[in-house]
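**Q** Dropping in entry-v4.tsv, with TSV, C-alpha atoms.
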```
chain	number	residue	atom	x	y	z
A	1	MET	CA	110.55	97.80	77.83
A	2	VAL	CA	110.35	101.60	77.94
A	3	ASN	CA	107.12	103.49	78.43
A	4	ILE	CA	106.43	107.07	77.36
A	5	GLY	CA	103.60	108.29	79.54
A	6	LYS	CA	100.42	110.17	78.74
A	7	SER	CA	101.74	113.57	79.73
A	8	VAL	CA	104.92	113.37	77.62
A	9	ILE	CA	105.18	115.24	74.31
A	10	ILE	CA	108.20	114.63	72.10
A	11	LYS	CA	109.02	116.59	68.94
A	12	GLY	CA	111.94	115.34	66.89
A	13	GLU	CA	113.62	112.00	66.28
A	14	LEU	CA	113.12	109.09	68.60
A	15	SER	CA	115.39	106.08	68.23
A	16	GLY	CA	116.40	103.18	70.43
A	17	SER	CA	117.25	99.53	70.80
A	18	GLU	CA	114.55	98.27	73.13
A	19	ASP	CA	110.83	97.78	72.88
A	20	LEU	CA	108.82	100.94	73.42
A	21	THR	CA	105.26	101.78	74.37
A	22	ILE	CA	103.98	105.28	73.70
A	23	GLU	CA	100.97	106.65	75.56
A	24	GLY	CA	101.89	110.29	74.97
A	25	GLN	CA	102.43	112.34	71.80
A	26	VAL	CA	105.30	112.12	69.37
A	27	GLU	CA	105.89	114.28	66.30
A	28	GLY	CA	108.76	113.67	63.90
A	29	ARG	CA	110.37	110.27	63.33
A	30	ILE	CA	110.50	107.04	65.30
A	31	ASP	CA	113.25	104.54	64.55
A	32	LEU	CA	113.20	101.20	66.38
A	33	LYS	CA	114.39	98.94	63.57
A	34	ASP	CA	115.01	95.86	65.73
A	35	ASN	CA	112.28	96.34	68.29
A	36	VAL	CA	108.57	96.40	68.88
A	37	LEU	CA	106.78	99.73	69.02
A	38	THR	CA	103.37	99.86	70.70
A	39	ILE	CA	101.19	102.93	70.37
A	40	GLY	CA	98.94	102.72	73.42
A	41	PRO	CA	95.25	103.69	73.44
A	42	ASN	CA	96.18	107.23	74.51
A	43	GLY	CA	99.14	107.56	72.15
A	44	LYS	CA	99.04	110.11	69.32
A	45	ILE	CA	101.79	109.93	66.75
A	46	LYS	CA	102.46	112.27	63.85
A	47	ALA	CA	105.60	110.70	62.53
A	48	GLU	CA	107.33	108.45	60.07
A	49	VAL	CA	107.65	105.15	61.91
A	50	PHE	CA	110.28	102.45	61.36
A	51	ALA	CA	110.28	99.37	63.60
A	52	LYS	CA	110.49	95.60	63.59
A	53	SER	CA	106.83	95.34	64.62
A	54	VAL	CA	104.25	98.02	65.28
A	55	VAL	CA	101.11	97.55	67.36
A	56	VAL	CA	98.60	100.39	67.10
A	57	LEU	CA	95.90	100.93	69.71
A	58	GLY	CA	95.99	104.72	69.49
A	59	GLU	CA	96.37	107.16	66.59
A	60	VAL	CA	99.10	107.30	63.99
A	61	THR	CA	99.34	109.89	61.24
A	62	GLY	CA	102.26	109.13	58.96
A	63	ASN	CA	103.82	106.25	57.09
A	64	VAL	CA	104.61	103.07	58.97
A	65	THR	CA	107.35	100.68	57.89
A	66	ALA	CA	107.90	97.41	59.75
A	67	SER	CA	110.22	94.57	58.85
A	68	GLU	CA	107.92	91.99	60.46
A	69	LYS	CA	104.37	93.07	61.19
A	70	VAL	CA	101.95	95.96	61.62
A	71	ASP	CA	98.97	95.23	63.82
A	72	ILE	CA	96.14	97.78	64.01
A	73	ARG	CA	93.88	96.78	66.88
A	74	ASP	CA	90.24	97.62	67.51
A	75	ASN	CA	89.88	101.44	67.84
A	76	GLY	CA	93.44	101.90	66.58
A	77	SER	CA	93.84	104.37	63.73
A	78	VAL	CA	96.42	104.78	60.99
A	79	ASP	CA	96.31	107.55	58.42
A	80	GLY	CA	99.26	106.84	56.16
A	81	ASP	CA	100.92	104.17	54.09
A	82	ILE	CA	102.02	100.84	55.53
A	83	ALA	CA	104.95	98.79	54.25
A	84	SER	CA	105.32	95.45	56.01
A	85	PRO	CA	105.28	91.77	55.01
A	86	ARG	CA	102.40	91.16	57.42
A	87	VAL	CA	99.53	93.48	58.24
A	88	ALA	CA	96.62	92.75	60.58
A	89	ILE	CA	93.72	95.16	60.81
A	90	ALA	CA	91.04	94.45	63.38
A	91	GLU	CA	87.33	95.04	62.91
A	92	GLY	CA	86.65	98.53	64.21
A	93	ALA	CA	90.09	99.85	63.37
A	94	HIS	CA	90.48	102.89	61.14
A	95	PHE	CA	92.89	102.86	58.23
A	96	ARG	CA	93.32	105.15	55.31
A	97	GLY	CA	96.24	104.72	52.97
A	98	ALA	CA	98.15	102.14	51.01
A	99	VAL	CA	99.41	98.74	52.07
A	100	ASP	CA	102.50	97.31	50.45
A	101	MET	CA	103.26	93.83	51.70
A	102	GLN	CA	105.15	92.62	48.67
A	103	ARG	CA	107.98	95.12	48.64
A	104	ALA	CA	108.75	94.54	52.28
A	105	GLY	CA	108.45	90.77	51.80
A	106	GLN	CA	110.69	90.80	48.77
A	107	LYS	CA	113.32	92.80	50.60
A	108	ALA	CA	113.33	90.27	53.40
A	109	GLN	CA	113.53	87.37	50.92
A	110	GLN	CA	116.27	89.00	48.91
A	111	GLN	CA	118.32	89.46	52.05
A	112	GLN	CA	118.03	85.73	52.67
A	113	LYS	CA	118.92	84.70	49.08
A	114	PRO	CA	122.49	83.75	48.31
A	115	ALA	CA	124.35	86.15	46.04
A	116	GLY	CA	123.85	85.61	42.31
A	117	GLN	CA	120.29	84.32	42.59
A	118	PRO	CA	117.96	86.25	40.28
A	119	GLN	CA	115.86	88.87	41.97
A	120	GLY	CA	112.39	90.21	41.25
A	121	GLN	CA	110.93	86.82	40.26
A	122	PRO	CA	107.33	86.25	41.29
A	123	GLN	CA	107.19	84.55	44.64
A	124	GLN	CA	105.57	81.17	44.86
A	125	GLY	CA	102.08	81.28	46.32
A	126	GLN	CA	101.66	85.00	45.77
A	127	LYS	CA	99.61	84.73	42.64
A	128	VAL	CA	96.03	83.66	42.31
A	129	GLY	CA	95.40	80.04	41.59
A	130	ALA	CA	93.05	80.26	38.61
B	131	MET	CA	64.94	90.92	69.25
B	132	ALA	CA	62.94	87.95	67.98
B	133	ASP	CA	61.06	90.18	65.52
B	134	ALA	CA	64.24	91.70	64.23
B	135	THR	CA	65.81	88.29	63.75
B	136	ARG	CA	62.70	87.06	62.00
B	137	SER	CA	62.59	90.05	59.64
B	138	LEU	CA	66.20	89.48	58.67
B	139	THR	CA	65.49	85.81	58.15
B	140	ASP	CA	62.61	86.79	55.89
B	141	LEU	CA	64.82	89.19	54.01
B	142	PHE	CA	67.42	86.54	53.30
B	143	GLY	CA	64.69	84.10	52.46
B	144	ILE	CA	63.57	86.51	49.75
B	145	LEU	CA	67.11	86.96	48.53
B	146	GLY	CA	67.38	83.21	48.26
B	147	ALA	CA	71.04	83.13	49.11
B	148	ARG	CA	73.24	80.79	51.05
B	149	ARG	CA	72.77	82.14	54.55
B	150	GLU	CA	75.16	81.14	57.26
B	151	THR	CA	74.69	83.56	60.12
B	152	VAL	CA	72.50	86.52	60.84
B	153	ALA	CA	73.21	88.90	63.66
B	154	ALA	CA	70.54	90.54	65.74
B	155	ALA	CA	69.39	94.12	65.56
B	156	SER	CA	71.11	96.91	67.39
B	157	PRO	CA	69.08	97.89	70.43
B	158	ASP	CA	69.21	101.62	69.74
B	159	SER	CA	67.67	101.73	66.28
B	160	SER	CA	65.34	99.67	64.19
B	161	VAL	CA	67.26	100.48	61.03
B	162	THR	CA	70.72	99.50	62.20
B	163	ASN	CA	70.26	95.81	61.63
B	164	VAL	CA	73.48	94.09	60.87
B	165	ALA	CA	73.77	90.89	58.90
B	166	ASP	CA	76.61	88.65	57.99
B	167	ALA	CA	76.07	86.07	55.31
B	168	ALA	CA	78.16	84.30	52.69
B	169	TYR	CA	77.33	84.36	48.99
B	170	PRO	CA	79.00	82.97	45.93
B	171	THR	CA	80.68	85.35	43.51
B	172	LYS	CA	81.55	84.73	39.89
B	173	ALA	CA	83.20	88.00	38.93
B	174	LEU	CA	85.84	88.10	41.68
B	175	HIS	CA	87.64	85.07	40.29
B	176	LYS	CA	87.82	86.67	36.85
B	177	PHE	CA	88.92	89.98	38.34
B	178	LEU	CA	91.74	88.23	40.19
B	179	ALA	CA	92.73	86.30	37.09
B	180	SER	CA	93.21	89.62	35.29
B	181	LEU	CA	95.77	90.62	37.93
B	182	GLN	CA	97.52	87.26	37.90
B	183	ALA	CA	100.10	88.07	35.26
B	184	LEU	CA	101.21	91.28	36.96
B	185	ASP	CA	104.04	91.67	39.42
B	186	GLY	CA	102.78	93.58	42.47
B	187	PRO	CA	99.63	95.01	40.89
B	188	LEU	CA	98.24	98.21	42.36
B	189	LEU	CA	94.71	97.65	43.62
B	190	LEU	CA	92.32	100.38	44.69
B	191	ASP	CA	89.65	99.30	47.17
B	192	LEU	CA	86.73	101.71	47.52
B	193	GLY	CA	85.17	99.81	50.42
B	194	PRO	CA	85.86	100.12	54.12
B	195	VAL	CA	89.06	98.55	55.33
B	196	VAL	CA	88.64	94.83	56.04
B	197	GLY	CA	91.62	93.20	57.72
B	198	SER	CA	91.17	89.80	56.11
B	199	ASN	CA	90.86	91.40	52.65
B	200	VAL	CA	94.12	93.25	53.23
B	201	THR	CA	95.73	89.91	54.06
B	202	PHE	CA	94.11	88.19	51.07
B	203	PHE	CA	95.08	90.80	48.50
B	204	GLY	CA	98.37	91.87	50.03
B	205	GLU	CA	99.89	88.80	51.60
B	206	GLN	CA	98.44	86.01	49.47
B	207	LEU	CA	98.25	87.73	46.09
B	208	GLY	CA	101.10	90.21	46.39
B	209	CYS	CA	98.97	93.23	45.51
B	210	ARG	CA	99.83	96.74	46.58
B	211	LEU	CA	96.55	97.82	48.08
B	212	ARG	CA	95.19	101.33	48.48
B	213	VAL	CA	92.08	101.67	50.63
B	214	GLU	CA	89.86	104.67	49.86
B	215	ASP	CA	86.60	104.33	51.76
B	216	VAL	CA	84.05	106.15	49.60
B	217	ALA	CA	81.21	105.36	52.02
B	218	LYS	CA	82.94	107.60	54.56
B	219	ASP	CA	82.96	110.41	51.99
B	220	ILE	CA	79.24	109.95	51.43
B	221	ASP	CA	78.58	109.91	55.19
B	222	ARG	CA	80.61	113.06	55.75
B	223	HIS	CA	78.86	114.98	52.96
B	224	THR	CA	75.46	113.77	54.14
B	225	LYS	CA	76.20	114.89	57.69
B	226	GLU	CA	77.49	118.28	56.55
B	227	GLY	CA	74.62	118.77	54.10
B	228	THR	CA	77.01	119.13	51.17
B	229	LEU	CA	75.91	116.26	48.95
B	230	ASP	CA	75.61	118.71	46.05
B	231	GLN	CA	79.40	119.12	46.23
B	232	LEU	CA	80.08	115.40	45.80
B	233	PRO	CA	80.50	115.48	41.99
B	234	ASP	CA	83.18	118.14	42.27
B	235	TYR	CA	84.77	116.32	45.20
B	236	PHE	CA	85.03	113.06	43.25
B	237	THR	CA	86.79	114.74	40.34
B	238	LYS	CA	89.64	115.64	42.74
B	239	ARG	CA	89.32	112.81	45.23
B	240	PHE	CA	92.09	110.47	44.08
B	241	THR	CA	95.74	111.43	44.08
B	242	GLN	CA	97.10	108.58	41.97
B	243	PRO	CA	98.34	109.55	38.50
B	244	ALA	CA	96.03	108.70	35.60
B	245	GLY	CA	96.46	105.25	34.08
B	246	THR	CA	98.43	103.77	36.98
B	247	VAL	CA	95.93	101.55	38.80
B	248	ASP	CA	95.78	97.89	37.75
B	249	GLY	CA	92.50	96.98	39.40
B	250	ILE	CA	89.63	98.72	41.17
B	251	LEU	CA	87.26	97.10	43.65
B	252	CYS	CA	84.32	99.47	43.29
B	253	TRP	CA	81.91	97.12	45.10
B	254	ASP	CA	78.42	98.73	45.27
B	255	VAL	CA	79.28	102.34	46.18
B	256	LEU	CA	77.65	103.74	43.03
B	257	ASP	CA	74.23	102.56	44.27
B	258	TYR	CA	74.44	105.14	47.07
B	259	LEU	CA	75.08	108.12	44.79
B	260	ASP	CA	72.83	110.34	42.73
B	261	ARG	CA	73.47	110.41	39.00
B	262	PRO	CA	75.90	113.40	38.82
B	263	SER	CA	77.99	112.06	41.72
B	264	ALA	CA	77.99	108.53	40.31
B	265	GLN	CA	79.09	109.86	36.93
B	266	ALA	CA	81.89	111.95	38.46
B	267	LEU	CA	83.16	108.97	40.45
B	268	ALA	CA	82.91	106.58	37.49
B	269	THR	CA	84.81	109.02	35.25
B	270	SER	CA	87.56	109.45	37.86
B	271	LEU	CA	87.92	105.69	38.24
B	272	SER	CA	88.04	105.17	34.49
B	273	THR	CA	90.85	107.73	34.29
B	274	LEU	CA	92.84	106.09	37.09
B	275	LEU	CA	92.71	102.66	35.50
B	276	ARG	CA	95.63	101.70	33.26
B	277	PRO	CA	94.91	100.34	29.79
B	278	ASP	CA	93.87	96.68	30.16
B	279	GLY	CA	93.13	97.33	33.85
B	280	CYS	CA	89.97	95.88	35.41
B	281	LEU	CA	87.17	97.27	37.56
B	282	LEU	CA	84.78	95.15	39.58
B	283	GLY	CA	81.40	96.72	40.33
B	284	PHE	CA	78.35	95.41	42.17
B	285	PHE	CA	74.88	96.80	41.52
B	286	SER	CA	71.85	95.83	43.52
B	287	THR	CA	68.69	94.79	41.70
B	288	ALA	CA	66.67	94.44	44.92
B	289	GLU	CA	64.61	97.18	46.53
B	290	GLN	CA	66.37	98.21	49.71
B	291	ARG	CA	65.37	101.38	51.48
B	292	GLU	CA	67.16	100.68	54.73
B	293	PRO	CA	70.24	102.85	55.20
B	294	LEU	CA	72.80	100.06	55.23
B	295	TYR	CA	76.17	99.69	53.56
B	296	THR	CA	77.71	96.31	52.89
B	297	LYS	CA	81.26	95.26	53.65
B	298	TYR	CA	82.38	92.58	51.21
B	299	VAL	CA	84.68	90.20	53.01
B	300	VAL	CA	86.62	87.87	50.74
B	301	VAL	CA	86.33	84.26	51.89
B	302	ASP	CA	88.07	82.94	48.78
B	303	ASP	CA	87.95	83.74	45.08
B	304	ALA	CA	84.49	82.17	44.77
B	305	ASN	CA	82.77	83.38	47.96
B	306	LEU	CA	82.16	86.66	49.72
B	307	ARG	CA	80.61	87.49	53.05
B	308	TYR	CA	78.15	90.39	52.91
B	309	ARG	CA	78.37	92.20	56.24
B	310	THR	CA	75.98	95.14	56.56
B	311	TYR	CA	76.52	98.18	58.74
B	312	PRO	CA	74.67	101.47	59.25
B	313	ALA	CA	74.80	104.09	56.50
B	314	SER	CA	73.83	107.75	56.43
B	315	ARG	CA	71.55	107.22	53.42
B	316	PRO	CA	69.96	104.26	51.64
B	317	ARG	CA	70.69	103.08	48.12
B	318	GLN	CA	69.45	105.82	45.81
B	319	ARG	CA	68.05	103.75	42.97
B	320	ASN	CA	68.67	100.55	41.12
B	321	LEU	CA	70.93	101.24	38.20
B	322	LEU	CA	69.84	99.57	34.99
B	323	ASN	CA	72.30	97.83	32.74
B	324	GLY	CA	72.24	100.70	30.27
B	325	ASP	CA	72.81	103.28	33.04
B	326	ILE	CA	75.86	101.37	34.27
B	327	ILE	CA	77.36	101.07	30.80
B	328	LYS	CA	76.84	104.81	30.28
B	329	LEU	CA	78.58	105.59	33.58
B	330	PHE	CA	81.66	103.66	32.45
B	331	LYS	CA	81.55	104.61	28.81
B	332	GLU	CA	85.37	104.62	28.62
B	333	LEU	CA	85.46	100.98	29.72
B	334	ARG	CA	84.23	97.78	28.13
B	335	VAL	CA	82.00	95.29	29.94
B	336	THR	CA	83.72	91.92	29.82
B	337	ASP	CA	81.43	89.95	32.14
B	338	SER	CA	78.10	90.48	33.83
B	339	PHE	CA	76.46	88.08	36.26
B	340	LEU	CA	73.09	88.41	37.94
B	341	MET	CA	73.53	86.54	41.19
B	342	LYS	CA	70.93	84.89	43.40
B	343	SER	CA	71.79	87.52	46.00
B	344	LYS	CA	70.02	89.98	43.62
B	345	MET	CA	73.36	91.59	42.99
B	346	ARG	CA	74.59	92.24	39.49
B	347	GLU	CA	78.33	91.68	39.36
B	348	MET	CA	80.02	93.44	36.46
B	349	LEU	CA	83.59	93.34	35.30
B	350	PHE	CA	84.94	96.16	33.15
B	351	ARG	CA	88.19	96.43	31.29
B	352	LYS	CA	89.83	99.58	29.97
B	353	PRO	CA	90.63	99.11	26.30
B	354	ALA	CA	94.30	99.38	25.37
B	355	PRO	CA	95.00	102.28	22.98
B	356	ARG	CA	95.17	101.27	19.33
B	357	THR	CA	98.70	101.18	17.97
```
Translate the structure of the given file into structure tokens.
**A**
Amino acid sequence: MVNIGKSVIIKGELSGSEDLTIEGQVEGRIDLKDNVLTIGPNGKIKAEVFAKSVVVLGEVTGNVTASEKVDIRDNGSVDGDIASPRVAIAEGAHFRGAVDMQRAGQKAQQQQKPAGQPQGQPQQGQKVGA
Amino acid sequence: MADATRSLTDLFGILGARRETVAAASPDSSVTNVADAAYPTKALHKFLASLQALDGPLLLDLGPVVGSNVTFFGEQLGCRLRVEDVAKDIDRHTKEGTLDQLPDYFTKRFTQPAGTVDGILCWDVLDYLDRPSAQALATSLSTLLRPDGCLLGFFSTAEQREPLYTKYVVVDDANLRYRTYPASRPRQRNLLNGDIIKLFKELRVTDSFLMKSKMREMLFRKPAPRT
């Protein structure tokens, strides 16, 4: 687990292969495709974010893409679009943007399907039971 | 505290709804009472049914972000959800003293291309607007909606002068929790049926329910162009 402290400001691309907690400021792009990114209560991010899971306790401005889950905690703030199969937004969190859970979910399902199986079919349980 | 609880109890007694829990008043203001109660809904089920046939429908939610609604619409129903909290717009303009600019603001507020949104959860935001602002918002929403798209609107028929918004938390397709929270202004007036139809003159009313919660639930559909 790596920690970027309160006094650190990073401008540019940030990538890695271990879990990361940011308490400082990052502008640009964050790429942690196989790891968990935590934006701490003091963290301020202006970036496109790609990670396995993202936990937001601070501020994020920019689009967030996670292959597993995005979790915006109480007092966390996201201004941007979220693409992730699972999204949790706590009471008291701020969010403005779009949430796309299907596309991310479909991608994950398609990766698991054997070759030749039709794609783009409605997923069971996704539609409203009338 | 006891008085506040009693007054809320009285309020919900008048509304005659299924009350489950009522929270106590905030200690810092007599008008920041918060309540949390569950009520049946008839229009939500029909609204959801209209989205059923679509693959990944685009849904515009004009209420504040509610985590469980995001899960319900996104994870369970496969909707692409866009949250645009109009109450925050109203609060900001009220605070800045620029309410007269709201009609112009609403004509430019949404960035989605016209005719691309499959469903709109308008909730009761129109109750908090004066007529020109309500008309501007209703016209913008009608433009955003695709042909055959649906809009769900709630309109209060009860007198409520307390500055409170309501978060509508989806329990299931037949029940909603009404969770109130402080607003910068009260409901402006009760819109009559005719007023509402005029606001959405480009849409057709498909269903209208007057609920025991004193809320009129209305479902609108945008007519498909004649071929």
**Q** Within 10 Å of A:Pro41, counting only C-alpha atoms, which residues show up once you throw out same-chain ones fewer than 2 positions away? Write them as a ChimeraX atom specification, please.
**A** /A:6,22-24,38-39,43-44,56-59,73-77
**Q** Would you work out the distance separating atom CA of B:Ala266 from atom CA of B:Phe236, expressed in Å to one decimal?
**A**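 Atom CA of B:Phe236 lies 5.8 Å from atom CA of B:Ala266.
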**Q** If we count all atoms listed in the file and set the cut-off at 12 Å, which residues sit around B:Arg356, ignoring sequence neighbours fewer than 3 positions away in its own chain? Please answer as a PyMOL selection string.
**A** chain B and resi 277-278+353
**Q** Pick the closest to chain A from B:Arg276, B:Thr228, B:Arg309, B:His223: which is it, counting all atoms listed in the file?
**A**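 Closest to chain A of all the choices is B:Arg309.
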**Q** To one decimal in Å, tell me the separation between atom CA of B:Gly186 and atom CA of B:Asp248.
**A**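 Answer for the atom CA of B:Gly186 to atom CA of B:Asp248 separation: 9.5 Å.
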**Q** For chain B, which residues have at least one atom within 12 Å of chain A, if we go by all atoms listed in the file? Write them as a VMD selection string, please.
**A** chain B and resid 174 to 216 218 240 to 242 297 299 302 to 304 309 311
**Q** Out of A:Val8, A:Ala51, A:Thr61, A:Gly80, which residue has the shortest atom-to-atom distance to A:Asp34 when counting all atoms listed in the file?
**A** A:Ala51
**Q** Which distance in Å separates atom CA of A:Lys46 and atom CA of A:Gly5, to one decimal?
**A**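 Pair atom CA of A:Lys46 / atom CA of A:Gly5 returns 16.2 Å.
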**Q** Might you pull out every residue within 7 Å of B:Tyr298, with all atoms listed in the file counted and same-chain residues fewer than 2 positions away left off, and present them as a ChimeraX atom specification?
**A** /B:296,300,306-309
**Q** Taking all atoms of stretch 196-214 of chain B that appear in the file, build a box with edges along x, y and z, extend it by 3 Å on every side, and state its centre and edge lengths in Å to one decimal, as JSON.
**A**
```
{"center_x": 94.9, "center_y": 95.3, "center_z": 51.6, "size_x": 18.5, "size_y": 24.7, "size_z": 18.2}
```
**Q** As a ChimeraX atom specification, please: the residues near A:Lys52 (cut-off 9 Å, only C-alpha atoms, same-chain neighbours under 3 positions excluded).
**A** /A:32-37,65-70
**Q** Near B:Ser272, counting all atoms listed in the file, which residues have an atom at most 12 Å away, once you skip same-chain residues fewer than 2 positions from it, shown as a compact mmCIF listing (two decimals) with C-alpha atoms, in the coordinates of the input?
**A**
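Output file around_27.txt is given in full below:
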```txt
# COMPACT_ATOMS: atom_id res chain seq x y z
CA THR B 237 86.79 114.74 40.34
CA PHE B 240 92.09 110.47 44.08
CA PRO B 243 98.34 109.55 38.50
CA ALA B 244 96.03 108.70 35.60
CA GLY B 245 96.46 105.25 34.08
CA THR B 246 98.43 103.77 36.98
CA VAL B 247 95.93 101.55 38.80
CA ASP B 248 95.78 97.89 37.75
CA GLY B 249 92.50 96.98 39.40
CA ILE B 250 89.63 98.72 41.17
CA CYS B 252 84.32 99.47 43.29
CA GLN B 265 79.09 109.86 36.93
CA ALA B 266 81.89 111.95 38.46
CA LEU B 267 83.16 108.97 40.45
CA ALA B 268 82.91 106.58 37.49
CA THR B 269 84.81 109.02 35.25
CA SER B 270 87.56 109.45 37.86
CA LEU B 274 92.84 106.09 37.09
CA LEU B 275 92.71 102.66 35.50
CA ARG B 276 95.63 101.70 33.26
CA PRO B 277 94.91 100.34 29.79
CA ASP B 278 93.87 96.68 30.16
CA GLY B 279 93.13 97.33 33.85
CA CYS B 280 89.97 95.88 35.41
CA LEU B 281 87.17 97.27 37.56
CA LEU B 282 84.78 95.15 39.58
CA LYS B 328 76.84 104.81 30.28
CA LEU B 329 78.58 105.59 33.58
CA PHE B 330 81.66 103.66 32.45
CA LYS B 331 81.55 104.61 28.81
CA GLU B 332 85.37 104.62 28.62
CA LEU B 333 85.46 100.98 29.72
CA ARG B 334 84.23 97.78 28.13
CA PHE B 350 84.94 96.16 33.15
CA ARG B 351 88.19 96.43 31.29
CA LYS B 352 89.83 99.58 29.97
CA PRO B 353 90.63 99.11 26.30
```
